[in-house]
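Have a look at the structure below, then the notes.
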Amino acid sequence: MGLYIFFPPGRVINAGKSQHNEDQACCEVVFVEQRPSPRGWLSSREGGGELDGGRKGFYFHYWALFDGHAGSGAAVMASERLHLHICEQLRDLVEILQDPSPPPICLPHDTRAGSAEPNQVSSTEDHGEVPNDAVPRFHLEKAVSHESLVIGAIENAFKHMDDQIERERASQHLPGGCCALAAIYLMGKFYVANAGDSRAIIIRNGEIIPMSREFTPETERQRLQFLALLRPELLGKEFTHLEFPRRIQPKELGKKMLYRDQNMNGWAYKKIEEDDLKFPLIFGEGKKARMMATIGVTRGLGDHDLKVFSSNIHIKPFLSCFPEVRVYDLTQYEHCPDDVLVLGTDGLWDVTNDKEVAGVVMEVLMSYEPNDPCRYTMVAQELVVRSRGVLKERGWRLANDKLGSGDDISVFVIPLGGPGNYT
């Protein structure tokens with residue numbers, strides 16, 4: 001267990017401008033217990049636990065940031081439950097992940113499903129049917145790695161978390177949604193899962209290694225346009241799936257204007273038609289880019305009731321709850337105490353680039369002894385303070401006199417090596 005995993009993240013609410021906080025954070029060590037065998041079900045606790053009494057399983061370390069919008073309800077629930085969904089998805093993999101042989105393509109029958117299955121099994125045995133394993137294989141089987149099983153478990157956990165928010169949004173008062181960024185350390189590897197516009201980077205020996213990317217209307221333009229093309233009814237006769245550099249004026253009908261569709265990275269000219277006068281599905285640039293003139297992120301949890309303003313057009317069909325998962329194998333490199341993984345909500349990255357973050361990390365770490373456990377917490381706090389800026393006559397300003405972040409800012413700084421490394 002690492003020495004530093006329980007230190008809190010650096011956080012600030014709306015750059016100190018209000019008491020309302022939509023960012024949430026979670027840090028846990030979770031025990032994944034193997035599911036009991038069909039004979040003699042054993043009681044198990046959801047989430048954490050200790051290895052005793054012959055219980056079989058493994059631990060994973062977990063850090064996560066949730067950036068809420070239109071309320072904090074979804075972020076609060078996700079911060080309390082996502083790691084439990086990940087744990088539940090991993091329970092089927094306890095034996096498989098600890099066995100170096102390739103994962104089985106098909107698992108045995110789950111006898112918990114009902115009393116009919118055991119009868120079917122015995123009937124098969126009575127008739128002497130050939131078991132599936134003995135049937136000649138005429139098709140190649142795709143090789144599946146243990147790593148991809150963990151990725152699949154994390155992806156499904158995000159989906160189950162989103163489903164839970166949908167089921168309980170009314171009873172638990174869960175308006176809005178949230179971006180989710182999680183780091184899971186399991187069996188020598190970091191799995192960084194991102195759904196939204198929070199980001200993560202590794203700083204190793206001064207080198208910056210991106211561990212996520214933002215999911216916005218711009219970065220996911222082609223996916224969104226393709227869905228709109230396949231299901232035009234989702235646009236409610238108010239939007240066009242095509243993208244134009246600016247809004248088209250009625251007087252420009254018949255002229256040729258630059259556009260691009262779901263298949264294009266570049267731009268081309270097309271003759272403007274009546275349908276092109278509709279509002280573009282994706283409009284704006286950078287942080288001002290919006291989908292359906294409403295939302296600036298395209299992946300996350302929640303937002304089940306989100307609609308276009310003054311309409312009955314639902315936005316959720318275009319939003320994905322599935323994260324992109326990137327893997328970093330900690331065993332492939334030697335790490336020193338100054339090598340870290342940085343997780344941050346967009347309040348950090350909107351005003352501080354990767355190189356500036358790395359500079360702050362190295363500057364602060366050099367001012368502390370390598371075995372001082374407070375050094376990583378101080379880095380997180382310094383990143384938050386510098387991104388917030390200083391209150392001056394013309395508002396909150398950074399050191400370069402540019403505007404500071406007006407958003408909630410949350411940061412985790414996780415050591416990768418040296419004292420407190422994961423063994």
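Chain lettering (A, B, ...) mirrors the order of the structure tokens, residue numbering begins at 1 for each chain separately, and ligand numbering begins at 1 in order of display.
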*A:Ala153: which residues within 7 Å, counting only C-alpha atoms, same-chain residues fewer than 5 positions away excluded, as a list in words?*
Ile86, Gln89 and Leu90 of chain A
*Exercise: A:Pro100 partners within 12 Å, only C-alpha atoms, chain neighbours under 5 positions left out, as number ranges by chain*: A: 95, 145-147
Sorted by chain and rising residue number, list the residues of stretch 213-290 of chain A at most 12 Å from stretch 169-184 of chain A (counting only C-alpha atoms), each with its closest atom pair and distance in Å to one decimal, as a Markdown table.
| residue | atom | partner | partner_atom | distance |
| --- | --- | --- | --- | --- |
| A:Arg213 | CA | A:Leu181 | CA | 10.6 |
| A:Glu214 | CA | A:Cys179 | CA | 10.2 |
| A:Phe215 | CA | A:Cys179 | CA | 9.5 |
| A:Thr216 | CA | A:Cys179 | CA | 11.0 |
*What's the 10 Å shell around A:Thr331, counting only C-alpha atoms, without same-chain residues fewer than 3 positions away, as a PyMOL selection string?*
chain A and resi 187-189+328+334-335
*Return the single residue from A:Met77, A:Cys336, A:Val361, A:Ile165 that is closest to A:Ile208, with distances computed using only C-alpha atoms.*
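Answer, going by the shortest atom-to-atom distance: A:Val361.
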A:Arg290 surroundings by only C-alpha atoms, 12 Å radius, close-in-sequence under 6 positions cut, as a PDB file with all heavy atoms, in the first residue's frame:
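Okay, this is what ended up in part_0.pdb:
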ATOM      1  N   PHE A 215     -13.228  15.116 -24.227  1.00  0.00           N
ATOM      2  CA  PHE A 215     -14.342  14.739 -25.093  1.00  0.00           C
ATOM      3  C   PHE A 215     -15.329  15.904 -25.136  1.00  0.00           C
ATOM      4  O   PHE A 215     -16.096  16.132 -24.204  1.00  0.00           O
ATOM      5  CB  PHE A 215     -15.002  13.451 -24.591  1.00  0.00           C
ATOM      6  CG  PHE A 215     -14.112  12.258 -24.739  1.00  0.00           C
ATOM      7  CD1 PHE A 215     -13.393  11.769 -23.655  1.00  0.00           C
ATOM      8  CD2 PHE A 215     -13.965  11.633 -25.968  1.00  0.00           C
ATOM      9  CE1 PHE A 215     -12.556  10.674 -23.794  1.00  0.00           C
ATOM     10  CE2 PHE A 215     -13.125  10.532 -26.121  1.00  0.00           C
ATOM     11  CZ  PHE A 215     -12.421  10.062 -25.028  1.00  0.00           C
ATOM     12  N   THR A 216     -15.268  16.638 -26.232  1.00  0.00           N
ATOM     13  CA  THR A 216     -16.053  17.847 -26.426  1.00  0.00           C
ATOM     14  C   THR A 216     -16.746  17.780 -27.782  1.00  0.00           C
ATOM     15  O   THR A 216     -16.466  16.880 -28.588  1.00  0.00           O
ATOM     16  CB  THR A 216     -15.138  19.086 -26.383  1.00  0.00           C
ATOM     17  OG1 THR A 216     -14.264  19.045 -27.530  1.00  0.00           O
ATOM     18  CG2 THR A 216     -14.290  19.104 -25.104  1.00  0.00           C
ATOM     19  N   PRO A 217     -17.657  18.712 -28.062  1.00  0.00           N
ATOM     20  CA  PRO A 217     -18.285  18.715 -29.393  1.00  0.00           C
ATOM     21  C   PRO A 217     -17.276  18.767 -30.534  1.00  0.00           C
ATOM     22  O   PRO A 217     -17.526  18.206 -31.609  1.00  0.00           O
ATOM     23  CB  PRO A 217     -19.158  19.976 -29.352  1.00  0.00           C
ATOM     24  CG  PRO A 217     -19.505  20.148 -27.911  1.00  0.00           C
ATOM     25  CD  PRO A 217     -18.274  19.719 -27.166  1.00  0.00           C
ATOM     26  N   GLU A 218     -16.138  19.410 -30.327  1.00  0.00           N
ATOM     27  CA  GLU A 218     -15.121  19.479 -31.379  1.00  0.00           C
ATOM     28  C   GLU A 218     -14.373  18.159 -31.538  1.00  0.00           C
ATOM     29  O   GLU A 218     -14.175  17.669 -32.653  1.00  0.00           O
ATOM     30  CB  GLU A 218     -14.131  20.609 -31.076  1.00  0.00           C
ATOM     31  CG  GLU A 218     -14.675  21.994 -31.405  1.00  0.00           C
ATOM     32  CD  GLU A 218     -13.581  23.037 -31.366  1.00  0.00           C
ATOM     33  OE1 GLU A 218     -12.812  23.057 -30.380  1.00  0.00           O
ATOM     34  OE2 GLU A 218     -13.490  23.836 -32.309  1.00  0.00           O
ATOM     35  N   THR A 219     -13.947  17.558 -30.426  1.00  0.00           N
ATOM     36  CA  THR A 219     -13.154  16.333 -30.534  1.00  0.00           C
ATOM     37  C   THR A 219     -13.998  15.136 -30.970  1.00  0.00           C
ATOM     38  O   THR A 219     -13.469  14.182 -31.525  1.00  0.00           O
ATOM     39  CB  THR A 219     -12.470  16.004 -29.200  1.00  0.00           C
ATOM     40  OG1 THR A 219     -13.455  15.736 -28.201  1.00  0.00           O
ATOM     41  CG2 THR A 219     -11.581  17.156 -28.747  1.00  0.00           C
ATOM     42  N   GLU A 220     -15.303  15.179 -30.725  1.00  0.00           N
ATOM     43  CA  GLU A 220     -16.177  14.074 -31.107  1.00  0.00           C
ATOM     44  C   GLU A 220     -17.145  14.473 -32.224  1.00  0.00           C
ATOM     45  O   GLU A 220     -18.199  13.855 -32.396  1.00  0.00           O
ATOM     46  CB  GLU A 220     -16.959  13.572 -29.896  1.00  0.00           C
ATOM     47  CG  GLU A 220     -16.092  12.884 -28.851  1.00  0.00           C
ATOM     48  CD  GLU A 220     -16.826  11.749 -28.185  1.00  0.00           C
ATOM     49  OE1 GLU A 220     -17.654  12.034 -27.314  1.00  0.00           O
ATOM     50  OE2 GLU A 220     -16.572  10.586 -28.558  1.00  0.00           O
ATOM     51  N   ARG A 221     -16.773  15.454 -32.979  1.00  0.00           N
ATOM     52  CA  ARG A 221     -17.654  15.967 -34.033  1.00  0.00           C
ATOM     53  C   ARG A 221     -18.139  14.878 -34.975  1.00  0.00           C
ATOM     54  O   ARG A 221     -19.350  14.776 -35.259  1.00  0.00           O
ATOM     55  CB  ARG A 221     -16.907  17.048 -34.833  1.00  0.00           C
ATOM     56  CG  ARG A 221     -17.660  17.521 -36.088  1.00  0.00           C
ATOM     57  CD  ARG A 221     -16.826  18.482 -36.901  1.00  0.00           C
ATOM     58  NE  ARG A 221     -15.589  17.869 -37.393  1.00  0.00           N
ATOM     59  CZ  ARG A 221     -15.504  17.140 -38.498  1.00  0.00           C
ATOM     60  NH1 ARG A 221     -16.581  16.892 -39.231  1.00  0.00           N
ATOM     61  NH2 ARG A 221     -14.337  16.646 -38.889  1.00  0.00           N
ATOM     62  N   LEU A 224     -20.734  12.454 -33.487  1.00  0.00           N
ATOM     63  CA  LEU A 224     -22.022  13.112 -33.297  1.00  0.00           C
ATOM     64  C   LEU A 224     -22.731  13.339 -34.629  1.00  0.00           C
ATOM     65  O   LEU A 224     -23.949  13.122 -34.749  1.00  0.00           O
ATOM     66  CB  LEU A 224     -21.816  14.452 -32.576  1.00  0.00           C
ATOM     67  CG  LEU A 224     -21.153  14.367 -31.193  1.00  0.00           C
ATOM     68  CD1 LEU A 224     -20.817  15.758 -30.689  1.00  0.00           C
ATOM     69  CD2 LEU A 224     -22.040  13.628 -30.212  1.00  0.00           C
ATOM     70  N   PHE A 279     -29.951  25.434 -37.405  1.00  0.00           N
ATOM     71  CA  PHE A 279     -28.805  25.650 -36.525  1.00  0.00           C
ATOM     72  C   PHE A 279     -27.892  24.418 -36.567  1.00  0.00           C
ATOM     73  O   PHE A 279     -28.375  23.282 -36.502  1.00  0.00           O
ATOM     74  CB  PHE A 279     -29.265  25.891 -35.090  1.00  0.00           C
ATOM     75  CG  PHE A 279     -28.252  26.598 -34.245  1.00  0.00           C
ATOM     76  CD1 PHE A 279     -28.199  27.978 -34.194  1.00  0.00           C
ATOM     77  CD2 PHE A 279     -27.315  25.878 -33.499  1.00  0.00           C
ATOM     78  CE1 PHE A 279     -27.257  28.630 -33.421  1.00  0.00           C
ATOM     79  CE2 PHE A 279     -26.371  26.518 -32.728  1.00  0.00           C
ATOM     80  CZ  PHE A 279     -26.342  27.906 -32.690  1.00  0.00           C
ATOM     81  N   PRO A 280     -26.578  24.597 -36.669  1.00  0.00           N
ATOM     82  CA  PRO A 280     -25.664  23.445 -36.735  1.00  0.00           C
ATOM     83  C   PRO A 280     -25.680  22.626 -35.444  1.00  0.00           C
ATOM     84  O   PRO A 280     -25.795  23.179 -34.347  1.00  0.00           O
ATOM     85  CB  PRO A 280     -24.290  24.091 -36.953  1.00  0.00           C
ATOM     86  CG  PRO A 280     -24.572  25.465 -37.469  1.00  0.00           C
ATOM     87  CD  PRO A 280     -25.858  25.873 -36.838  1.00  0.00           C
ATOM     88  N   LEU A 281     -25.568  21.315 -35.584  1.00  0.00           N
ATOM     89  CA  LEU A 281     -25.490  20.423 -34.426  1.00  0.00           C
ATOM     90  C   LEU A 281     -24.341  20.839 -33.524  1.00  0.00           C
ATOM     91  O   LEU A 281     -24.459  20.822 -32.292  1.00  0.00           O
ATOM     92  CB  LEU A 281     -25.290  18.980 -34.920  1.00  0.00           C
ATOM     93  CG  LEU A 281     -24.982  17.921 -33.867  1.00  0.00           C
ATOM     94  CD1 LEU A 281     -26.171  17.713 -32.944  1.00  0.00           C
ATOM     95  CD2 LEU A 281     -24.572  16.605 -34.523  1.00  0.00           C
ATOM     96  N   ILE A 282     -23.210  21.192 -34.121  1.00  0.00           N
ATOM     97  CA  ILE A 282     -22.033  21.637 -33.371  1.00  0.00           C
ATOM     98  C   ILE A 282     -21.702  23.056 -33.820  1.00  0.00           C
ATOM     99  O   ILE A 282     -21.533  23.321 -35.001  1.00  0.00           O
ATOM    100  CB  ILE A 282     -20.834  20.709 -33.617  1.00  0.00           C
ATOM    101  CG1 ILE A 282     -21.176  19.299 -33.147  1.00  0.00           C
ATOM    102  CG2 ILE A 282     -19.583  21.230 -32.921  1.00  0.00           C
ATOM    103  CD1 ILE A 282     -20.235  18.249 -33.658  1.00  0.00           C
ATOM    104  N   PHE A 283     -21.617  23.958 -32.862  1.00  0.00           N
ATOM    105  CA  PHE A 283     -21.371  25.357 -33.197  1.00  0.00           C
ATOM    106  C   PHE A 283     -20.438  25.967 -32.164  1.00  0.00           C
ATOM    107  O   PHE A 283     -20.523  25.680 -30.973  1.00  0.00           O
ATOM    108  CB  PHE A 283     -22.689  26.125 -33.231  1.00  0.00           C
ATOM    109  CG  PHE A 283     -22.549  27.531 -33.754  1.00  0.00           C
ATOM    110  CD1 PHE A 283     -22.331  27.756 -35.107  1.00  0.00           C
ATOM    111  CD2 PHE A 283     -22.618  28.619 -32.905  1.00  0.00           C
ATOM    112  CE1 PHE A 283     -22.202  29.055 -35.602  1.00  0.00           C
ATOM    113  CE2 PHE A 283     -22.485  29.912 -33.385  1.00  0.00           C
ATOM    114  CZ  PHE A 283     -22.279  30.129 -34.738  1.00  0.00           C
ATOM    115  N   GLY A 284     -19.525  26.792 -32.618  1.00  0.00           N
ATOM    116  CA  GLY A 284     -18.573  27.434 -31.726  1.00  0.00           C
ATOM    117  C   GLY A 284     -17.200  26.794 -31.833  1.00  0.00           C
ATOM    118  O   GLY A 284     -16.998  25.809 -32.551  1.00  0.00           O
ATOM    119  N   GLY A 296     -21.188  21.613 -23.480  1.00  0.00           N
ATOM    120  CA  GLY A 296     -19.832  21.673 -23.999  1.00  0.00           C
ATOM    121  C   GLY A 296     -19.026  20.407 -23.800  1.00  0.00           C
ATOM    122  O   GLY A 296     -17.838  20.375 -24.123  1.00  0.00           O
ATOM    123  N   VAL A 297     -19.636  19.347 -23.248  1.00  0.00           N
ATOM    124  CA  VAL A 297     -18.975  18.048 -23.125  1.00  0.00           C
ATOM    125  C   VAL A 297     -19.870  16.978 -23.742  1.00  0.00           C
ATOM    126  O   VAL A 297     -21.096  17.128 -23.770  1.00  0.00           O
ATOM    127  CB  VAL A 297     -18.659  17.685 -21.652  1.00  0.00           C
ATOM    128  CG1 VAL A 297     -17.592  18.598 -21.094  1.00  0.00           C
ATOM    129  CG2 VAL A 297     -19.918  17.733 -20.793  1.00  0.00           C
ATOM    130  N   THR A 298     -19.256  15.910 -24.248  1.00  0.00           N
ATOM    131  CA  THR A 298     -20.031  14.900 -24.965  1.00  0.00           C
ATOM    132  C   THR A 298     -19.949  13.512 -24.336  1.00  0.00           C
ATOM    133  O   THR A 298     -20.549  12.573 -24.839  1.00  0.00           O
ATOM    134  CB  THR A 298     -19.561  14.813 -26.429  1.00  0.00           C
ATOM    135  OG1 THR A 298     -18.131  14.632 -26.444  1.00  0.00           O
ATOM    136  CG2 THR A 298     -19.909  16.080 -27.176  1.00  0.00           C
ATOM    137  N   VAL A 308     -32.801  20.644 -25.140  1.00  0.00           N
ATOM    138  CA  VAL A 308     -32.492  21.929 -25.754  1.00  0.00           C
ATOM    139  C   VAL A 308     -33.444  22.965 -25.182  1.00  0.00           C
ATOM    140  O   VAL A 308     -34.631  22.693 -24.958  1.00  0.00           O
ATOM    141  CB  VAL A 308     -32.622  21.843 -27.284  1.00  0.00           C
ATOM    142  CG1 VAL A 308     -32.434  23.216 -27.920  1.00  0.00           C
ATOM    143  CG2 VAL A 308     -31.624  20.837 -27.848  1.00  0.00           C
ATOM    144  N   ILE A 315     -31.082  15.615 -25.352  1.00  0.00           N
ATOM    145  CA  ILE A 315     -29.667  15.641 -25.722  1.00  0.00           C
ATOM    146  C   ILE A 315     -28.959  14.346 -25.335  1.00  0.00           C
ATOM    147  O   ILE A 315     -27.956  13.981 -25.938  1.00  0.00           O
ATOM    148  CB  ILE A 315     -28.982  16.869 -25.081  1.00  0.00           C
ATOM    149  CG1 ILE A 315     -29.557  18.148 -25.694  1.00  0.00           C
ATOM    150  CG2 ILE A 315     -27.474  16.836 -25.255  1.00  0.00           C
ATOM    151  CD1 ILE A 315     -29.011  19.415 -25.113  1.00  0.00           C
TER     152      ILE A 315
END
*Looking at only C-alpha atoms, which of A:Gly196, A:Cys27, A:Glu274, A:Gly417 is the one that sits closest to A:Leu330?*
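Using only C-alpha atoms, A:Leu330 sits closest to A:Gly417.
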*Find, counting only C-alpha atoms, the residue in A:Met292, A:Ala78, A:Leu258, A:Gly404 that gets nearest to A:Met161.*
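Comparing A:Met292, A:Ala78, A:Leu258, A:Gly404 against A:Met161, the winner is A:Ala78.
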_Nearest residue to A:Met264 out of A:Gln164, A:Gln249, A:Ser101, A:Gln222, using only C-alpha atoms?_
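Among A:Gln164, A:Gln249, A:Ser101, A:Gln222, it is A:Gln222 that comes nearest to A:Met264.
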_I need the residues of stretch 178-295 of chain A that end up classed as alpha helix (DSSP H) by DSSP on the backbone, written out as a list in words._
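Put together, the selection reads Arg221, Gln222, Arg223, Leu224, Gln225, Phe226, Leu227, Ala228, Leu229 and Leu230 of chain A.
Backbone DSSP over stretch 73-235 of chain A yields strand (DSSP E) at Gly177, Cys178, Cys179, Ala180, Leu181, Ala182, Ala183, Ile184, Tyr185, Leu186, Lys189, Phe190, Tyr191, Val192, Ala193, Asn194, Ala195, Arg199, Ala200, Ile201, Ile202, Ile203, Arg204, Glu207, Ile208, Ile209 and Pro210 of chain A.
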*Counting only C-alpha atoms, figure out which residue out of A:Ile414, A:Leu107, A:Cys374, A:Leu82 gets nearest to A:Ile201.*
A:Ile414
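From atom CA of A:Lys271 back to atom CA of A:Ala228, the distance works out to 20.5 Å.
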*Find the spatial neighbours of A:Trp396, counting only C-alpha atoms, within a cut-off of 12 Å - ignore same-chain residues fewer than 2 positions away - and output them as a PyMOL selection string.*
chain A and resi 14-17+351+385-394+398-407
